[in-house]
Amino acid sequence: MSAVGATARPVVFRNGLVLTMDDAHTVLEGADVLVVGDRIAGVGVGLTAPDGALEVDATGGIVMPGMVDTHRHLWQTAMRGYGADWTLTQYFVWYYLEWGKVFRPQDIYAGNLLGGIEALDAGVTTTVDWSHGLRTIDHADAAVDALEAVPGRFVLGYGNIQAGPWEWSTTPEFRDFIQRRIHGKELGFQMAFDVTGDPSFPEKAAFEVARELDAAVTTHSGVWGATGDDSIRLIHENGFMTPKNIYVHSATLSADSYQRIAASGGSVSVSTESEQSAGQGYPPTWVLRQHGIPVSLSMDTSVWWSGDLFSAMRTTLSADRSREHFEAHAKSETITHHALRAEQVVDWATRGGAKALGMDHLIGSLEQGKKADVVLIKNDASPAMFPVLNPYGHVVFQAQRGDVHTVVVDGRVVKADGRLVGDDLSGAKQKVGETVDFLRETLGEQAWRSGMNPDIPQTTVLDNPYQYTDFATGATHGQQDA
Ligand SMILES: [Zn+2]
């Protein structure tokens, strides 16, 4: 990470409402957070700051740990919003079968650069780049070049949808890449691939490489029609379920699979906006809670959705409650008390992500000695930022990324007064623009338009036995008119 080694000026946030997200979820009012070097030097009321420290007035704002996104296909940021009306099937056809293979290394670079900057702007200080467009080592080098150019904390999830994981993970070029770009570097590393459920378990070779590299495996699981219980069973029966594994979505699994995940200590990365729209299955926190499976949050891809964890927290809390009410109503019961609280989803967006990545000792909470990844949510110009009465509820249901005032990563200010600092946003926009031009030309105008505008299935409005009134004339229409 490029922020490492930078000699940053000390920073002190003054007089904020501080959500520490420590074990006790301590909340401090009128409190300060002091950052010295790359560490949090103190959290409390009336701290003494070193001479020359940057003073940030947090009055009226909420200070919280930087958020952690455990699954984001950053390279797809270059096609932001293009697939807003897609289903998962259309996504697979577009990226996996038809057009993913035309992306060049510079296109991966462009998407990663813009997506990485976007994450910082939204207060997401750690992102897992679930990078499954790495069809050559040049693409992988480009992905890492971009991550290193953004002053955030990143984990590269190495993947390649154009080849089997047993193919790309066992080449000398891949080993060389690990030596050159990962070993001894600040950049985190995971292996990102899916397990199809093929009984011969060809993915075994890739799991063995991950084991040898001591790398976590992140895998899309419980995706309706793609990766189901067979995938989970094969991973388990072959001895590759470790506490490091991250199971993305896990929305369509049996109790048996959830039990295997729970018993192995693995965690699930929930992408509620994705699951609600693409069709992996119902966002699973309501069932993960029943099995005691740890949760982290993620935004998946901005080819469809937003790239900020405010959306993840809001949709996740809402989807969980929707399901609780829905299940109760089916039994003619009423939910009078919500089981899932705003406080818990803020935990999932911060500490939960840190735990899933095995980085809990470094990030995820505001505690003395931890790495200084700090976010101030404050917007004096916004009516929605006053009054702040219930801070967790405010973060989840009131705040949005435009309210992210200051962001510190590894002790370095990367956003101040609502503006990004020290990044190359205009350069990133230019590079993404070049990628968009290239793709549009490569696809041709017809494919470009039809890809963005899938056919709408025929729907019919149901017959209605009741009449309706024409309010303009007072006339009643219906069978009696006949
Ligand atoms: Zn995904």
# chains A, B, ... in the order shown; residues from 1 in each chain; ligands from 1
>>> residues_around(residues="stretch 244-246 of chain A", least_positions_apart="4", cutoff="8 Å", atoms="only C-alpha atoms", output="PyMOL selection string")
chain A and resi 216-219+265-269+356-358
>>> select_by_dssp(residues="stretch 171-347 of chain A", states="alpha helix (DSSP H)", output="count of residues only")
77
>>> residues_around(residues="stretch 321-337 of chain A", least_positions_apart="6", cutoff="12 Å", atoms="only C-alpha atoms", output="mmCIF file with N, CA, C and O atoms, in the first residue's frame")
data_model
loop_
_atom_site.group_PDB
_atom_site.id
_atom_site.type_symbol
_atom_site.label_atom_id
_atom_site.label_comp_id
_atom_site.auth_asym_id
_atom_site.auth_seq_id
_atom_site.Cartn_x
_atom_site.Cartn_y
_atom_site.Cartn_z
ATOM 1 N N GLN A 276 -30.412 -9.037 -3.875
ATOM 2 C CA GLN A 276 -31.795 -8.617 -4.067
ATOM 3 C C GLN A 276 -32.145 -8.486 -5.532
ATOM 4 O O GLN A 276 -33.299 -8.631 -5.910
ATOM 5 N N TYR A 282 -32.222 -15.110 -1.499
ATOM 6 C CA TYR A 282 -32.591 -14.039 -0.577
ATOM 7 C C TYR A 282 -31.365 -13.649 0.258
ATOM 8 O O TYR A 282 -30.646 -14.526 0.738
ATOM 9 N N PRO A 283 -31.128 -12.353 0.460
ATOM 10 C CA PRO A 283 -29.982 -11.942 1.286
ATOM 11 C C PRO A 283 -29.983 -12.699 2.613
ATOM 12 O O PRO A 283 -30.982 -12.681 3.335
ATOM 13 N N PRO A 284 -28.881 -13.384 2.946
ATOM 14 C CA PRO A 284 -28.961 -14.476 3.918
ATOM 15 C C PRO A 284 -28.723 -14.133 5.380
ATOM 16 O O PRO A 284 -28.671 -15.045 6.199
ATOM 17 N N THR A 285 -28.588 -12.865 5.760
ATOM 18 C CA THR A 285 -28.209 -12.622 7.166
ATOM 19 C C THR A 285 -29.203 -13.241 8.141
ATOM 20 O O THR A 285 -28.819 -13.694 9.220
ATOM 21 N N TRP A 286 -30.507 -13.266 7.774
ATOM 22 C CA TRP A 286 -31.531 -13.819 8.677
ATOM 23 C C TRP A 286 -31.246 -15.281 8.999
ATOM 24 O O TRP A 286 -31.485 -15.719 10.123
ATOM 25 N N VAL A 287 -30.686 -16.029 8.038
ATOM 26 C CA VAL A 287 -30.391 -17.446 8.301
ATOM 27 C C VAL A 287 -28.964 -17.624 8.837
ATOM 28 O O VAL A 287 -28.699 -18.500 9.654
ATOM 29 N N ARG A 289 -27.570 -15.683 10.900
ATOM 30 C CA ARG A 289 -27.680 -15.410 12.344
ATOM 31 C C ARG A 289 -28.149 -16.657 13.094
ATOM 32 O O ARG A 289 -27.690 -16.940 14.198
ATOM 33 N N GLN A 290 -29.049 -17.420 12.466
ATOM 34 C CA GLN A 290 -29.540 -18.638 13.121
ATOM 35 C C GLN A 290 -28.422 -19.655 13.340
ATOM 36 O O GLN A 290 -28.478 -20.458 14.259
ATOM 37 N N ARG A 314 -27.713 -0.356 4.851
ATOM 38 C CA ARG A 314 -29.144 -0.047 4.794
ATOM 39 C C ARG A 314 -29.940 -1.210 4.208
ATOM 40 O O ARG A 314 -30.941 -1.637 4.764
ATOM 41 N N THR A 315 -29.474 -1.725 3.082
ATOM 42 C CA THR A 315 -30.233 -2.799 2.442
ATOM 43 C C THR A 315 -30.161 -4.084 3.266
ATOM 44 O O THR A 315 -31.116 -4.853 3.303
#
>>> residues_around(residues="A:Ala278", least_positions_apart="6", cutoff="8 Å", atoms="only C-alpha atoms", output="number ranges by chain")
A: 86-88
>>> write_last_selection(atoms="N, CA, C and O atoms", output="short mmCIF file (atom, residue, chain, number, x, y, z; two decimals), in the first residue's frame")
data_model
loop_
_atom_site.label_atom_id
_atom_site.label_comp_id
_atom_site.auth_asym_id
_atom_site.auth_seq_id
_atom_site.Cartn_x
_atom_site.Cartn_y
_atom_site.Cartn_z
N TRP A 86 -29.69 -5.85 -15.47
CA TRP A 86 -29.31 -7.25 -15.71
C TRP A 86 -29.87 -8.19 -14.65
O TRP A 86 -30.13 -7.80 -13.50
N THR A 87 -29.98 -9.46 -15.06
CA THR A 87 -30.05 -10.58 -14.11
C THR A 87 -28.65 -11.20 -14.05
O THR A 87 -27.77 -10.84 -14.84
N LEU A 88 -28.49 -12.15 -13.14
CA LEU A 88 -27.21 -12.84 -13.05
C LEU A 88 -26.87 -13.54 -14.37
O LEU A 88 -25.73 -13.57 -14.81
#
>>> closest_atom_pairs(of="chain A", to="ligand 1", cutoff="8 Å", atoms="only C-alpha atoms and all ligand atoms", output="CSV")
residue,atom,partner,partner_atom_place_in_ligand_line,distance
A:His71,CA,ligand 1,1 (Zn),6.4
A:Arg72,CA,ligand 1,1 (Zn),6.6
A:His73,CA,ligand 1,1 (Zn),6.5
A:Trp130,CA,ligand 1,1 (Zn),7.1
A:His220,CA,ligand 1,1 (Zn),6.5
A:Val248,CA,ligand 1,1 (Zn),7.0
A:Asp300,CA,ligand 1,1 (Zn),4.8
A:Thr301,CA,ligand 1,1 (Zn),6.8
>>> residues_around(residues="stretch 137-151 of chain A", least_positions_apart="3", cutoff="10 Å", atoms="only C-alpha atoms", output="ChimeraX atom specification")
/A:1-4,74-75,103-117,119-120,125,127,129,131-134,154-156,158-160,168,173-174,176-177,180-182,186-187,408-410,412-414,421-425,428
